[in-house]
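Peer 1: This one is start.txt, compact mmCIF, C-alpha atoms and all ligand atoms.
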```txt
# COMPACT_ATOMS: atom_id res chain seq x y z
CA MET A 1 51.76 -103.64 -37.12
CA LEU A 2 48.93 -103.85 -34.57
CA SER A 3 49.73 -107.23 -33.05
CA GLY A 4 48.87 -107.42 -29.37
CA LYS A 5 46.50 -104.46 -29.66
CA VAL A 6 42.78 -104.59 -28.96
CA ALA A 7 40.46 -102.64 -31.27
CA LEU A 8 36.81 -101.89 -30.49
CA VAL A 9 34.74 -100.98 -33.55
CA THR A 10 31.14 -99.79 -33.21
CA GLY A 11 28.70 -100.58 -36.00
CA GLY A 12 31.19 -103.28 -36.98
CA SER A 13 28.72 -105.74 -38.44
CA ARG A 14 28.54 -104.19 -41.91
CA GLY A 15 29.70 -101.44 -44.24
CA ILE A 16 32.58 -99.21 -43.20
CA GLY A 17 32.76 -100.63 -39.65
CA ALA A 18 33.10 -104.22 -40.94
CA ALA A 19 35.84 -103.13 -43.37
CA ILE A 20 37.73 -101.43 -40.51
CA ALA A 21 37.37 -104.51 -38.26
CA ARG A 22 38.77 -106.76 -41.02
CA LYS A 23 41.57 -104.30 -41.81
CA PHE A 24 42.69 -104.09 -38.18
CA ALA A 25 42.53 -107.90 -37.89
CA SER A 26 44.72 -108.19 -40.99
CA MET A 27 47.24 -105.96 -39.18
CA GLY A 28 47.24 -108.31 -36.18
CA ALA A 29 44.80 -106.63 -33.78
CA ASN A 30 42.22 -108.53 -31.75
CA VAL A 31 38.81 -107.05 -32.46
CA ALA A 32 35.64 -106.39 -30.44
CA VAL A 33 32.80 -105.96 -32.94
CA ILE A 34 29.94 -103.89 -31.53
CA TYR A 35 26.60 -104.36 -33.30
CA ALA A 36 23.09 -102.98 -32.83
CA GLY A 37 20.85 -105.85 -33.91
CA ASN A 38 22.16 -108.24 -36.55
CA GLN A 39 24.02 -110.87 -34.55
CA GLN A 40 24.61 -113.15 -37.53
CA ALA A 41 26.26 -110.38 -39.54
CA ALA A 42 28.47 -109.50 -36.54
CA GLU A 43 29.44 -113.18 -36.09
CA ASP A 44 30.29 -113.38 -39.79
CA VAL A 45 32.63 -110.38 -39.49
CA CYS A 46 34.26 -111.97 -36.42
CA GLY A 47 34.81 -115.15 -38.45
CA GLN A 48 36.45 -113.14 -41.23
CA CYS A 49 38.71 -111.45 -38.64
CA ARG A 50 39.74 -114.80 -37.11
CA GLU A 51 41.00 -115.93 -40.51
CA TYR A 52 43.93 -113.60 -39.83
CA GLY A 53 44.77 -115.57 -36.68
CA VAL A 54 43.47 -112.97 -34.20
CA GLU A 55 40.71 -113.12 -31.59
CA ALA A 56 37.37 -111.51 -32.37
CA LYS A 57 34.12 -111.32 -30.45
CA ALA A 58 30.74 -109.69 -31.10
CA TYR A 59 28.91 -107.58 -28.48
CA ARG A 60 25.36 -106.29 -28.83
CA CYS A 61 25.12 -102.69 -27.64
CA ASN A 62 23.10 -99.57 -28.40
CA VAL A 63 25.83 -96.92 -28.39
CA ALA A 64 23.27 -94.23 -27.54
CA ASP A 65 22.66 -95.85 -24.14
CA PHE A 66 25.20 -94.64 -21.55
CA GLY A 67 24.66 -97.62 -19.21
CA GLU A 68 24.77 -100.23 -21.98
CA VAL A 69 28.04 -98.79 -23.25
CA LYS A 70 29.50 -98.91 -19.74
CA ASP A 71 28.57 -102.59 -19.41
CA THR A 72 29.87 -103.42 -22.89
CA VAL A 73 33.26 -101.79 -22.31
CA ALA A 74 33.49 -103.73 -19.03
CA ALA A 75 32.71 -106.96 -20.90
CA VAL A 76 35.36 -106.22 -23.54
CA LYS A 77 37.88 -105.51 -20.75
CA ALA A 78 37.00 -108.83 -19.08
CA ASP A 79 37.50 -110.72 -22.35
CA PHE A 80 40.47 -108.90 -23.88
CA GLY A 81 42.14 -107.18 -20.90
CA THR A 82 41.81 -103.61 -22.24
CA VAL A 83 41.10 -101.49 -25.32
CA HIS A 84 43.88 -99.71 -27.26
CA ILE A 85 41.99 -98.50 -30.34
CA LEU A 86 38.40 -97.21 -30.33
CA VAL A 87 36.57 -96.58 -33.60
CA ASN A 88 33.30 -94.69 -33.25
CA ASN A 89 31.70 -95.69 -36.53
CA ALA A 90 28.06 -96.45 -35.61
CA GLY A 91 25.80 -93.95 -37.31
CA ILE A 92 22.33 -93.39 -38.69
CA THR A 93 20.51 -90.94 -40.94
CA ARG A 94 16.95 -89.63 -40.59
CA ASP A 95 16.95 -87.08 -43.39
CA GLY A 96 14.27 -84.46 -43.82
CA LEU A 97 13.72 -80.79 -44.49
CA ILE A 98 13.70 -78.62 -41.36
CA PRO A 99 10.02 -77.53 -41.52
CA MET A 100 8.98 -81.20 -41.53
CA MET A 101 11.64 -82.79 -39.34
CA LYS A 102 10.27 -84.53 -36.28
CA GLU A 103 11.92 -83.89 -32.93
CA GLU A 104 12.44 -87.66 -32.64
CA ALA A 105 14.45 -87.69 -35.90
CA PHE A 106 16.75 -84.95 -34.64
CA ASP A 107 17.25 -86.58 -31.24
CA ALA A 108 17.81 -90.10 -32.61
CA VAL A 109 20.57 -88.95 -34.96
CA LEU A 110 22.32 -86.81 -32.32
CA ASP A 111 21.99 -89.57 -29.71
CA THR A 112 23.52 -92.26 -31.92
CA ASN A 113 26.12 -90.35 -33.92
CA LEU A 114 27.38 -87.83 -31.36
CA LYS A 115 26.38 -88.97 -27.89
CA GLY A 116 27.23 -92.56 -28.87
CA ALA A 117 30.81 -91.50 -29.52
CA PHE A 118 30.92 -89.57 -26.23
CA ASN A 119 29.58 -92.62 -24.37
CA MET A 120 32.28 -94.86 -25.79
CA ILE A 121 35.11 -92.38 -25.22
CA ARG A 122 33.84 -91.70 -21.69
CA HIS A 123 33.90 -95.38 -20.75
CA CYS A 124 37.14 -96.29 -22.55
CA ALA A 125 39.03 -93.26 -21.18
CA GLY A 126 39.91 -94.99 -17.90
CA LEU A 127 41.46 -97.91 -19.80
CA PHE A 128 43.46 -95.56 -22.01
CA LEU A 129 44.65 -93.49 -19.05
CA ARG A 130 45.71 -96.55 -17.05
CA GLY A 131 47.66 -97.90 -20.04
CA ARG A 132 49.01 -94.43 -20.98
CA GLU A 133 48.10 -95.40 -24.52
CA GLY A 134 45.04 -94.97 -26.68
CA CYS A 135 43.87 -94.17 -30.18
CA ILE A 136 40.38 -92.88 -30.91
CA ILE A 137 39.03 -92.60 -34.46
CA ASN A 138 35.66 -90.91 -34.95
CA ILE A 139 33.88 -91.43 -38.26
CA SER A 140 32.49 -88.02 -39.17
CA SER A 141 31.36 -87.02 -42.68
CA VAL A 142 31.85 -84.35 -45.32
CA SER A 143 28.28 -83.34 -44.37
CA GLY A 144 29.77 -82.17 -41.08
CA LEU A 145 32.32 -80.04 -42.93
CA MET A 146 30.11 -78.57 -45.66
CA GLY A 147 26.53 -78.98 -44.41
CA ASN A 148 23.94 -80.68 -46.58
CA ALA A 149 20.35 -79.64 -47.37
CA GLY A 150 17.95 -82.15 -45.85
CA GLN A 151 20.49 -83.38 -43.32
CA CYS A 152 20.52 -80.71 -40.59
CA ASN A 153 20.46 -83.38 -37.87
CA TYR A 154 23.10 -85.59 -39.48
CA ALA A 155 25.41 -82.68 -40.41
CA ALA A 156 25.11 -81.23 -36.89
CA SER A 157 26.01 -84.60 -35.37
CA LYS A 158 29.00 -85.03 -37.70
CA ALA A 159 30.22 -81.44 -37.15
CA GLY A 160 29.81 -82.06 -33.41
CA LEU A 161 32.05 -85.11 -33.74
CA ILE A 162 34.80 -82.86 -35.09
CA GLY A 163 34.56 -80.57 -32.04
CA LEU A 164 34.55 -83.63 -29.81
CA THR A 165 37.59 -85.02 -31.64
CA LYS A 166 39.66 -81.86 -31.26
CA SER A 167 38.70 -81.34 -27.60
CA VAL A 168 39.51 -84.93 -26.65
CA ALA A 169 42.76 -84.71 -28.66
CA LYS A 170 43.83 -81.60 -26.72
CA GLU A 171 42.74 -82.96 -23.35
CA LEU A 172 44.33 -86.38 -23.64
CA ALA A 173 47.46 -85.68 -25.71
CA PRO A 174 49.61 -85.16 -22.58
CA LYS A 175 48.62 -88.70 -21.53
CA GLY A 176 49.79 -90.25 -24.80
CA ILE A 177 46.26 -90.67 -26.16
CA ARG A 178 45.46 -89.58 -29.72
CA CYS A 179 42.06 -88.71 -31.20
CA ASN A 180 41.36 -88.14 -34.89
CA ALA A 181 38.38 -88.07 -37.24
CA ILE A 182 37.74 -89.34 -40.73
CA ALA A 183 35.32 -87.47 -42.98
CA PRO A 184 34.17 -89.88 -45.69
CA GLY A 185 32.41 -88.55 -48.76
CA PHE A 186 30.11 -90.74 -50.81
CA ILE A 187 30.93 -94.37 -49.91
CA ARG A 188 29.13 -97.41 -51.38
CA THR A 189 27.40 -99.13 -48.39
CA ASP A 190 23.89 -100.05 -47.20
CA MET A 191 23.56 -96.46 -45.93
CA THR A 192 23.94 -94.97 -49.40
CA GLY A 193 22.27 -97.86 -51.28
CA THR A 194 22.08 -97.81 -55.05
CA GLN A 195 23.15 -94.35 -56.09
CA GLU A 196 24.55 -94.87 -59.56
CA ASN A 197 22.31 -92.10 -60.94
CA ASN A 198 22.75 -89.64 -58.05
CA PRO A 199 23.60 -86.16 -59.43
CA LEU A 200 26.09 -85.74 -56.55
CA LEU A 201 28.39 -88.17 -58.36
CA ALA A 202 29.13 -85.50 -60.96
CA MET A 203 30.50 -83.26 -58.18
CA ILE A 204 33.19 -85.75 -57.09
CA PRO A 205 36.52 -84.69 -58.65
CA LEU A 206 37.76 -88.30 -58.74
CA GLY A 207 34.52 -89.22 -60.50
CA THR A 208 33.32 -92.26 -58.53
CA MET A 209 31.92 -93.30 -55.17
CA GLY A 210 34.41 -94.61 -52.63
CA GLU A 211 34.52 -98.09 -51.13
CA ALA A 212 34.41 -99.05 -47.45
CA GLU A 213 37.99 -100.29 -47.85
CA ASP A 214 39.11 -96.75 -48.75
CA VAL A 215 37.91 -95.58 -45.33
CA ALA A 216 39.46 -98.63 -43.64
CA GLN A 217 42.80 -97.72 -45.21
CA ALA A 218 42.58 -94.24 -43.65
CA ALA A 219 41.69 -95.80 -40.27
CA ALA A 220 44.75 -98.05 -40.55
CA TYR A 221 46.90 -94.97 -41.16
CA LEU A 222 45.47 -93.10 -38.17
CA ALA A 223 45.85 -96.18 -35.95
CA THR A 224 49.57 -96.22 -36.64
CA ALA A 225 50.39 -92.50 -37.14
CA LYS A 226 51.92 -91.87 -33.72
CA TYR A 227 52.53 -88.12 -34.29
CA VAL A 228 49.06 -87.30 -35.66
CA THR A 229 46.27 -86.08 -33.39
CA GLY A 230 43.29 -83.72 -33.73
CA GLU A 231 43.25 -84.29 -37.50
CA VAL A 232 40.21 -84.58 -39.75
CA LEU A 233 41.13 -86.79 -42.69
CA ARG A 234 38.83 -86.50 -45.70
CA VAL A 235 38.29 -89.69 -47.72
CA ASP A 236 35.96 -88.20 -50.29
CA GLY A 237 37.37 -88.25 -53.81
CA GLY A 238 37.95 -84.52 -53.37
CA ILE A 239 34.29 -83.48 -53.00
CA ALA A 240 34.87 -81.25 -49.95
CA MET A 241 38.03 -79.71 -51.36
P1 LIG B 1 25.70 -98.64 -42.37
O1 LIG B 1 24.31 -98.18 -42.19
O2 LIG B 1 26.00 -99.68 -43.39
O3 LIG B 1 26.34 -99.08 -40.99
C1 LIG B 1 26.11 -98.38 -39.80
C2 LIG B 1 26.31 -99.33 -38.66
O4 LIG B 1 26.04 -98.65 -37.43
C3 LIG B 1 25.38 -100.54 -38.74
O5 LIG B 1 26.11 -101.70 -38.45
C4 LIG B 1 24.37 -100.24 -37.64
O6 LIG B 1 23.83 -101.41 -37.06
C5 LIG B 1 25.22 -99.50 -36.64
N1 LIG B 1 24.43 -98.74 -35.70
C6 LIG B 1 23.45 -97.83 -35.97
N2 LIG B 1 22.91 -97.38 -34.85
C7 LIG B 1 23.53 -97.99 -33.82
C8 LIG B 1 23.41 -97.93 -32.41
N3 LIG B 1 22.51 -97.14 -31.82
N4 LIG B 1 24.22 -98.70 -31.65
C9 LIG B 1 25.13 -99.52 -32.24
N5 LIG B 1 25.31 -99.61 -33.56
C10 LIG B 1 24.50 -98.85 -34.35
O7 LIG B 1 26.54 -97.30 -42.70
P2 LIG B 1 28.00 -97.04 -43.26
O8 LIG B 1 27.84 -96.43 -44.57
O9 LIG B 1 28.87 -98.22 -43.10
O10 LIG B 1 28.45 -95.87 -42.27
C11 LIG B 1 29.34 -96.04 -41.19
C12 LIG B 1 29.67 -94.67 -40.65
O11 LIG B 1 30.24 -93.87 -41.68
C13 LIG B 1 28.45 -93.91 -40.15
O12 LIG B 1 28.80 -93.18 -38.99
C14 LIG B 1 28.15 -92.96 -41.29
O13 LIG B 1 27.48 -91.81 -40.83
C15 LIG B 1 29.55 -92.66 -41.78
N6 LIG B 1 29.58 -92.15 -43.14
C16 LIG B 1 29.14 -92.93 -44.18
C17 LIG B 1 29.18 -92.42 -45.48
C18 LIG B 1 28.72 -93.21 -46.65
O14 LIG B 1 28.71 -92.65 -47.75
N7 LIG B 1 28.39 -94.47 -46.53
C19 LIG B 1 29.67 -91.07 -45.75
C20 LIG B 1 30.12 -90.36 -44.58
C21 LIG B 1 30.07 -90.89 -43.34
```
What does the file become when written as structure tokens?
Ligand code: NAI
Peer 2:
Amino acid sequence: MLSGKVALVTGGSRGIGAAIARKFASMGANVAVIYAGNQQAAEDVCGQCREYGVEAKAYRCNVADFGEVKDTVAAVKADFGTVHILVNNAGITRDGLIPMMKEEAFDAVLDTNLKGAFNMIRHCAGLFLRGREGCIINISSVSGLMGNAGQCNYAASKAGLIGLTKSVAKELAPKGIRCNAIAPGFIRTDMTGTQENNPLLAMIPLGTMGEAEDVAQAAAYLATAKYVTGEVLRVDGGIAM
């Protein structure tokens, strides 16, 4: 379904990003796995992707750095020819209550989660425009839809991603480029850790945490849904209903 396409996935070395990289590879896409620090984990994900008979390569890049992103997109273009699908998945949390939150914690989260997505879209846009084809998927969060006490920085970054998604979708739709967001709820990854006793679980209508593969399935849908743009797809067991 995605054979011949090139997918770039940020934060692809673990968790939701790794699941999306593997899913796209299973659909026939070649995959550029962008990682922040753990080269071995990124190489392992590339190896798992290659088992589907596609090409995969890992690139170290801090998505918050405008210049590094520019160089990385150029390197991906040199290796793969272009990018068709961009998944802005890299994200961090630095939770804290507002009276105690350090300026650095606010800036770091906004720089990675929101500006990181802008940086990638900014530098991939030329490739999309030249090919008159492109699909952008931004990984937001239900925190961005509902807000969450103790996460003012994270929720602001994830709400910002939704504004970014809709603006890019409107701007680039006439050029055949789509942009959508996914808002995951409570997904079992390194970011959420061991949460079996978290009281939030009782608020999930479907009763359990989600898996990274549940988000990857939504990404696969958005990658192939040619008439869907500007959408925010919740994958949250109903928590933000
Ligand atoms: P994770 O912590 O397991 O993975 C995040 C990935 O982003 C890691 O590979 C990390 O190295 C990478 N990353 C962080 N900063 C980076 C930077 N500056 N440059 C490049 N890469 C960087 O987290 P998880 O759970 O897989 O989350 C993936 C995305 O899904 C994040 O954007 C997160 O906010 C979002 N999300 C996760 C939820 C969950 O319950 N796990 C719920 C809602 C949204």
Peer 1: Kindly work out which residues sit at most 7 Å from ligand LIG 1 (chain B), using all atoms listed in the file, and give the list as a ChimeraX atom specification.
Peer 2: /A:10-17,34-37,61-64,89-92,112-113,139-142,183-192
Peer 1: What's the 8 Å shell around stretch 25-33 of chain A, counting only C-alpha atoms, without same-chain residues fewer than 2 positions away, as a PyMOL selection string?
Peer 2: chain A and resi 1-13+21-23+35+42+45-46+49-50+52-59+76
Peer 1: Taking all atoms listed in the file into account, which of A:Phe24, A:Tyr221, A:Phe66, A:Tyr227 comes nearest A:Lys115?
Peer 2: A:Phe66
Peer 1: Nearest to A:Gly134 among A:Ala74, A:Gly47, A:Ile85, A:Ala223, with distances taken over all atoms listed in the file: which residue is it?
Peer 2: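 For A:Gly134, the nearest of the candidates is A:Ile85.
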Peer 1: Which is closest to A:Ile177 among A:Gly126, A:Gly147, A:Gly207, A:Pro199, if we use only C-alpha atoms?
Peer 2: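 Closest candidate: A:Gly126.
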Peer 1: For a quick check of understanding, using only C-alpha atoms, which of A:Leu110, A:Ala117, A:Leu233, A:Ile239 has the smallest distance to A:Ala202?
Peer 2: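 Answer, going by the shortest atom-to-atom distance: A:Ile239.
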Peer 1: I need the residue nearest A:Ala41 from this list: A:Thr82, A:Gly176, A:Thr93, A:Arg60. Use all atoms listed in the file for the distance.
Peer 2: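 Ranking A:Thr82, A:Gly176, A:Thr93, A:Arg60 by distance to A:Ala41, first place goes to A:Arg60.
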Peer 1: For A:Ile136, which residue out of A:Asp95, A:Asp111, A:Asp65, A:Glu231 is the nearest one, using all atoms listed in the file?
Peer 2: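 Answer, going by the shortest atom-to-atom distance: A:Glu231.
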